[in-house]
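Source file: structure_33.cif; contents: mmCIF, C-alpha atoms.
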```
data_entry
loop_
_atom_site.label_atom_id
_atom_site.label_comp_id
_atom_site.auth_asym_id
_atom_site.auth_seq_id
_atom_site.Cartn_x
_atom_site.Cartn_y
_atom_site.Cartn_z
CA MET A 11 0.00 0.00 0.00
CA LYS A 12 2.84 2.22 0.66
CA THR A 13 3.99 1.63 -2.83
CA LEU A 14 0.72 2.71 -4.31
CA ILE A 15 0.67 5.88 -2.44
CA LEU A 16 4.21 6.56 -3.48
CA ALA A 17 3.45 5.76 -7.10
CA ALA A 18 0.52 8.08 -7.02
CA ALA A 19 2.60 10.79 -5.47
CA GLU A 20 5.17 10.53 -8.22
CA GLU A 21 2.62 11.06 -10.97
CA GLY A 22 1.67 14.48 -9.83
CA PRO A 23 -0.99 16.14 -7.88
CA ILE A 24 -4.34 14.29 -7.94
CA ASN A 25 -7.46 16.19 -8.82
CA PRO A 26 -10.37 14.46 -7.13
CA VAL A 27 -12.95 15.98 -9.51
CA LEU A 28 -11.23 15.18 -12.83
CA PRO A 29 -11.16 11.48 -13.84
CA HIS A 30 -8.18 9.85 -15.46
CA THR A 31 -7.58 10.40 -19.16
CA SER A 32 -8.03 6.72 -19.99
CA GLU A 33 -11.46 6.77 -18.37
CA ILE A 34 -12.42 9.85 -20.36
CA ILE A 35 -11.31 8.23 -23.64
CA LEU A 36 -13.07 4.96 -22.82
CA GLY A 37 -16.27 6.84 -21.84
CA LEU A 38 -16.11 8.95 -24.98
CA ILE A 39 -15.72 5.85 -27.22
CA SER A 40 -18.58 4.11 -25.39
CA PHE A 41 -20.76 7.20 -25.73
CA LEU A 42 -20.01 7.52 -29.47
CA LEU A 43 -20.70 3.82 -29.98
CA LEU A 44 -23.98 4.13 -28.08
CA LEU A 45 -24.84 7.26 -30.05
CA PHE A 46 -24.13 5.44 -33.35
CA VAL A 47 -26.35 2.46 -32.35
CA MET A 48 -29.12 4.80 -31.22
CA LYS A 49 -28.92 6.84 -34.43
CA LYS A 50 -28.73 3.79 -36.70
CA PHE A 51 -31.32 1.44 -35.13
CA VAL A 52 -33.37 3.02 -32.37
CA SER A 53 -34.08 6.45 -33.84
CA PRO A 54 -35.54 5.13 -37.16
CA ARG A 55 -37.71 2.72 -35.20
CA PHE A 56 -38.97 5.59 -33.04
CA GLU A 57 -39.58 7.71 -36.14
CA THR A 58 -41.57 4.89 -37.78
CA LEU A 59 -43.64 4.33 -34.65
CA TYR A 60 -44.20 8.08 -34.35
CA ALA A 61 -45.28 8.33 -38.01
CA GLU A 62 -47.63 5.33 -37.63
CA ARG A 63 -49.15 6.73 -34.47
CA ALA A 64 -49.57 10.18 -36.08
CA ALA A 65 -51.20 8.55 -39.13
CA LYS A 66 -53.53 6.55 -36.89
CA ILE A 67 -54.48 9.64 -34.95
CA GLU A 68 -55.05 11.67 -38.11
CA GLY A 69 -56.95 8.77 -39.67
CA GLY A 70 -59.02 8.48 -36.52
CA ILE A 71 -59.75 12.20 -36.64
CA GLU A 72 -60.73 11.94 -40.30
CA LYS A 73 -62.90 8.91 -39.58
CA ALA A 74 -64.50 10.77 -36.69
CA GLU A 75 -65.14 13.78 -38.92
CA GLN A 76 -66.57 11.54 -41.63
CA ALA A 77 -68.73 9.74 -39.08
CA GLN A 78 -69.89 13.07 -37.73
CA ALA A 79 -70.66 14.28 -41.26
CA GLN A 80 -72.58 11.06 -41.96
CA ALA A 81 -74.43 11.40 -38.67
CA GLN A 82 -75.33 15.00 -39.51
CA GLN A 83 -76.47 13.92 -42.96
CA ALA A 84 -78.54 11.10 -41.44
CA LEU A 85 -80.02 13.58 -38.95
CA ASP A 86 -80.90 16.00 -41.75
CA GLN A 87 -82.41 13.13 -43.74
CA TYR A 88 -84.37 11.99 -40.68
CA LYS A 89 -85.65 15.51 -40.11
CA ALA A 90 -86.66 15.77 -43.77
CA GLN A 91 -88.46 12.42 -43.59
CA LEU A 92 -90.15 13.46 -40.36
CA ALA A 93 -91.32 16.72 -41.93
CA GLU A 94 -92.53 14.78 -44.97
CA ALA A 95 -94.35 12.29 -42.73
CA ARG A 96 -96.00 15.14 -40.84
CA ALA A 97 -97.07 16.76 -44.11
CA GLU A 98 -98.39 13.39 -45.32
CA ALA A 99 -100.30 12.91 -42.07
CA ALA A 100 -101.81 16.39 -42.40
CA ARG A 101 -102.78 15.66 -46.01
CA ILE A 102 -104.34 12.32 -45.02
CA ARG A 103 -106.20 14.02 -42.17
CA ASP A 104 -107.49 16.71 -44.55
CA ASP A 105 -108.47 14.08 -47.12
CA ALA A 106 -110.31 12.11 -44.43
CA ARG A 107 -112.11 15.25 -43.27
CA ILE A 108 -113.13 16.10 -46.86
CA GLU A 109 -114.21 12.51 -47.48
CA GLY A 110 -116.22 12.58 -44.23
CA GLU A 111 -117.93 15.78 -45.32
CA GLN A 112 -118.71 14.21 -48.71
CA ILE A 113 -120.15 11.13 -47.02
CA ILE A 114 -122.26 13.32 -44.75
CA SER A 115 -123.53 15.38 -47.70
CA GLU A 116 -124.28 12.18 -49.65
CA LEU A 117 -126.16 10.75 -46.67
CA ARG A 118 -128.09 14.02 -46.30
CA ALA A 119 -128.97 13.96 -50.00
CA LYS A 120 -130.09 10.33 -49.73
CA ALA A 121 -132.11 11.14 -46.62
CA GLN A 122 -133.75 14.08 -48.38
CA GLU A 123 -134.49 11.90 -51.41
CA GLU A 124 -135.95 9.21 -49.15
CA SER A 125 -137.97 11.84 -47.31
CA ALA A 126 -139.25 13.26 -50.60
CA ARG A 127 -140.08 9.72 -51.80
CA ILE A 128 -141.95 8.97 -48.56
CA VAL A 129 -143.84 12.30 -48.77
CA ALA A 130 -144.70 11.65 -52.43
CA GLN A 131 -145.83 8.12 -51.59
CA GLY A 132 -147.95 9.52 -48.75
CA GLN A 133 -149.46 12.11 -51.05
CA THR A 134 -150.17 9.42 -53.63
CA GLN A 135 -151.87 7.31 -50.97
CA LEU A 136 -153.84 10.33 -49.81
CA GLU A 137 -154.91 11.06 -53.40
CA THR A 138 -155.90 7.42 -53.86
CA GLN A 139 -157.87 7.39 -50.63
CA ARG A 140 -159.44 10.73 -51.51
CA ALA A 141 -160.44 9.38 -54.92
CA GLN A 142 -161.92 6.29 -53.26
CA ILE A 143 -163.81 8.39 -50.74
CA VAL A 144 -165.04 10.73 -53.48
CA ALA A 145 -166.17 7.73 -55.56
CA GLU A 146 -167.95 6.21 -52.55
CA LEU A 147 -169.53 9.55 -51.71
CA ARG A 148 -170.64 10.05 -55.33
CA GLY A 149 -172.25 6.66 -55.33
CA GLU A 150 -173.95 7.33 -52.02
CA LEU A 151 -174.86 10.86 -53.07
CA GLY A 152 -176.23 9.53 -56.35
CA ARG A 153 -178.43 7.05 -54.57
CA LEU A 154 -179.64 9.69 -52.15
CA ALA A 155 -180.25 12.08 -55.04
CA ILE A 156 -182.33 9.47 -56.87
CA ASP A 157 -184.35 8.77 -53.77
CA LEU A 158 -184.86 12.46 -53.28
CA ALA A 159 -185.71 13.02 -56.94
CA ASP A 160 -188.16 10.11 -56.76
CA ARG A 161 -189.92 11.80 -53.93
CA VAL A 162 -189.81 15.29 -55.39
CA VAL A 163 -190.60 14.50 -58.99
CA GLY A 164 -192.70 11.59 -58.29
CA GLU A 165 -191.57 9.69 -61.28
CA SER A 166 -189.79 6.48 -61.08
CA LEU A 167 -186.15 6.59 -61.95
CA GLU A 168 -185.89 2.88 -62.33
CA ASP A 169 -184.37 3.05 -65.69
CA GLU A 170 -180.60 2.77 -65.34
CA VAL A 171 -179.76 5.11 -68.21
CA ARG A 172 -181.98 7.85 -66.92
CA ARG A 173 -180.74 7.36 -63.42
CA ARG A 174 -177.10 7.73 -64.50
CA GLY A 175 -177.86 10.81 -66.56
CA THR A 176 -179.65 12.44 -63.66
CA VAL A 177 -176.90 11.58 -61.20
CA ASP A 178 -174.15 12.80 -63.51
CA ARG A 179 -175.99 16.05 -64.19
CA PHE A 180 -176.57 16.58 -60.48
CA LEU A 181 -172.90 15.89 -59.64
CA SER A 182 -171.72 18.21 -62.41
CA GLU A 183 -173.89 20.97 -61.03
CA LEU A 184 -172.63 20.19 -57.56
CA ASP A 185 -168.99 20.28 -58.75
CA GLY A 186 -169.65 23.54 -60.57
CA THR A 187 -171.04 25.21 -57.49
CA SER A 188 -168.40 23.78 -55.09
CA ALA A 189 -165.39 24.49 -57.37
CA PRO A 190 -165.50 28.32 -56.98
CA ALA A 191 -165.95 27.95 -53.21
CA ALA A 192 -162.91 25.65 -52.98
CA LYS A 193 -160.68 28.18 -54.71
#
```
Would you write out, as structure tokens, the structure that this file holds?
Amino acid sequence: MKTLILAAAEEGPINPVLPHTSEIILGLISFLLLLFVMKKFVSPRFETLYAERAAKIEGGIEKAEQAQAQAQQALDQYKAQLAEARAEAARIRDDARIEGEQIISELRAKAQEESARIVAQGQTQLETQRAQIVAELRGELGRLAIDLADRVVGESLEDEVRRRGTVDRFLSELDGTSAPAAK
């Protein structure tokens, strides 16, 4: 140990902060070798990974923008279809209302026609009954007139032709006198 200390003392003063020259050269060669390996193999790999990741991110952003554009387009299309469906529903509702009004007017027209037919049928029946009653009353009135004429005139109106002539003349006179009063 004494020899080491003496050998170190002969070399010169020792700087505790500065390493030996051989260590500096060996460290510098190691650092340059490490720098060469990093520059040759590691750095290109990092650059490739960085470029791939940047491309993925940009592609993802583009895909997201495209998806957002498609979603917006789908939303606009949906809104257009919804507006069209609402317009169609309003048109169908209006058509149904118009058709309902037409059905109601047709039913009213049919009801009025049926009412008019029933009234006309009733009037026809009344006319028929009136004609029957008038015919019955004429026959009865004719018989009463003949009986009365028999009594007043005193002649026999047994002859059918004379009887009819007398009855018809009497009814004509009766109609003539009752016609102005009826008007």
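Picture a line from CA of Arg173 in chain A to CA of Ile156 in chain A; it runs 7.1 Å.
For the atom pair formed by CA of Ser182 in chain A and CA of Leu151 in chain A, the distance is 12.3 Å, given to one decimal.
The interatomic distance for the pair CA of Asp157 in chain A and CA of Arg179 in chain A works out to 15.2 Å.
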Missing atoms in range 48-66 of chain A: can you complete it with N, CA, C and O atoms, as a short mmCIF file (atom, residue, chain, number, x, y, z; two decimals), in the coordinates of the input?
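Okay, this is what ended up in rebuild_1.cif:
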```
data_model
loop_
_atom_site.label_atom_id
_atom_site.label_comp_id
_atom_site.auth_asym_id
_atom_site.auth_seq_id
_atom_site.Cartn_x
_atom_site.Cartn_y
_atom_site.Cartn_z
N MET A 48 -27.84 4.12 -31.40
CA MET A 48 -29.12 4.80 -31.22
C MET A 48 -29.55 5.47 -32.53
O MET A 48 -30.72 5.39 -32.92
N LYS A 49 -28.61 6.12 -33.20
CA LYS A 49 -28.92 6.84 -34.43
C LYS A 49 -29.24 5.86 -35.54
O LYS A 49 -30.13 6.12 -36.36
N LYS A 50 -28.57 4.74 -35.61
CA LYS A 50 -28.73 3.79 -36.70
C LYS A 50 -29.95 2.91 -36.52
O LYS A 50 -30.66 2.62 -37.48
N PHE A 51 -30.25 2.44 -35.33
CA PHE A 51 -31.32 1.44 -35.13
C PHE A 51 -32.51 1.96 -34.33
O PHE A 51 -33.66 1.72 -34.70
N VAL A 52 -32.28 2.64 -33.28
CA VAL A 52 -33.37 3.02 -32.37
C VAL A 52 -34.14 4.23 -32.92
O VAL A 52 -35.38 4.23 -32.93
N SER A 53 -33.42 5.24 -33.38
CA SER A 53 -34.08 6.45 -33.84
C SER A 53 -35.00 6.19 -35.03
O SER A 53 -36.14 6.69 -35.05
N PRO A 54 -34.59 5.41 -36.07
CA PRO A 54 -35.54 5.13 -37.16
C PRO A 54 -36.78 4.37 -36.68
O PRO A 54 -37.89 4.61 -37.16
N ARG A 55 -36.56 3.48 -35.74
CA ARG A 55 -37.71 2.72 -35.20
C ARG A 55 -38.68 3.68 -34.49
O ARG A 55 -39.89 3.57 -34.66
N PHE A 56 -38.13 4.59 -33.70
CA PHE A 56 -38.97 5.59 -33.04
C PHE A 56 -39.68 6.47 -34.06
O PHE A 56 -40.86 6.79 -33.89
N GLU A 57 -38.99 6.88 -35.11
CA GLU A 57 -39.58 7.71 -36.14
C GLU A 57 -40.73 6.97 -36.83
O GLU A 57 -41.79 7.55 -37.10
N THR A 58 -40.53 5.69 -37.15
CA THR A 58 -41.57 4.89 -37.78
C THR A 58 -42.78 4.76 -36.86
O THR A 58 -43.92 4.93 -37.30
N LEU A 59 -42.53 4.44 -35.61
CA LEU A 59 -43.64 4.33 -34.65
C LEU A 59 -44.37 5.66 -34.51
O LEU A 59 -45.61 5.71 -34.44
N TYR A 60 -43.60 6.75 -34.47
CA TYR A 60 -44.20 8.08 -34.35
C TYR A 60 -45.06 8.39 -35.57
O TYR A 60 -46.18 8.90 -35.45
N ALA A 61 -44.54 8.08 -36.77
CA ALA A 61 -45.28 8.33 -38.01
C ALA A 61 -46.56 7.48 -38.05
O ALA A 61 -47.63 7.95 -38.44
N GLU A 62 -46.45 6.21 -37.66
CA GLU A 62 -47.63 5.33 -37.63
C GLU A 62 -48.68 5.85 -36.66
O GLU A 62 -49.87 5.90 -36.97
N ARG A 63 -48.21 6.23 -35.48
CA ARG A 63 -49.15 6.73 -34.47
C ARG A 63 -49.79 8.03 -34.94
O ARG A 63 -51.00 8.22 -34.79
N ALA A 64 -49.01 8.92 -35.57
CA ALA A 64 -49.57 10.18 -36.08
C ALA A 64 -50.58 9.89 -37.18
O ALA A 64 -51.65 10.52 -37.24
N ALA A 65 -50.27 8.90 -38.06
CA ALA A 65 -51.20 8.55 -39.13
C ALA A 65 -52.48 7.97 -38.54
O ALA A 65 -53.59 8.26 -39.01
N LYS A 66 -52.33 7.12 -37.53
CA LYS A 66 -53.53 6.55 -36.89
C LYS A 66 -54.38 7.64 -36.26
O LYS A 66 -55.60 7.64 -36.37
#
```
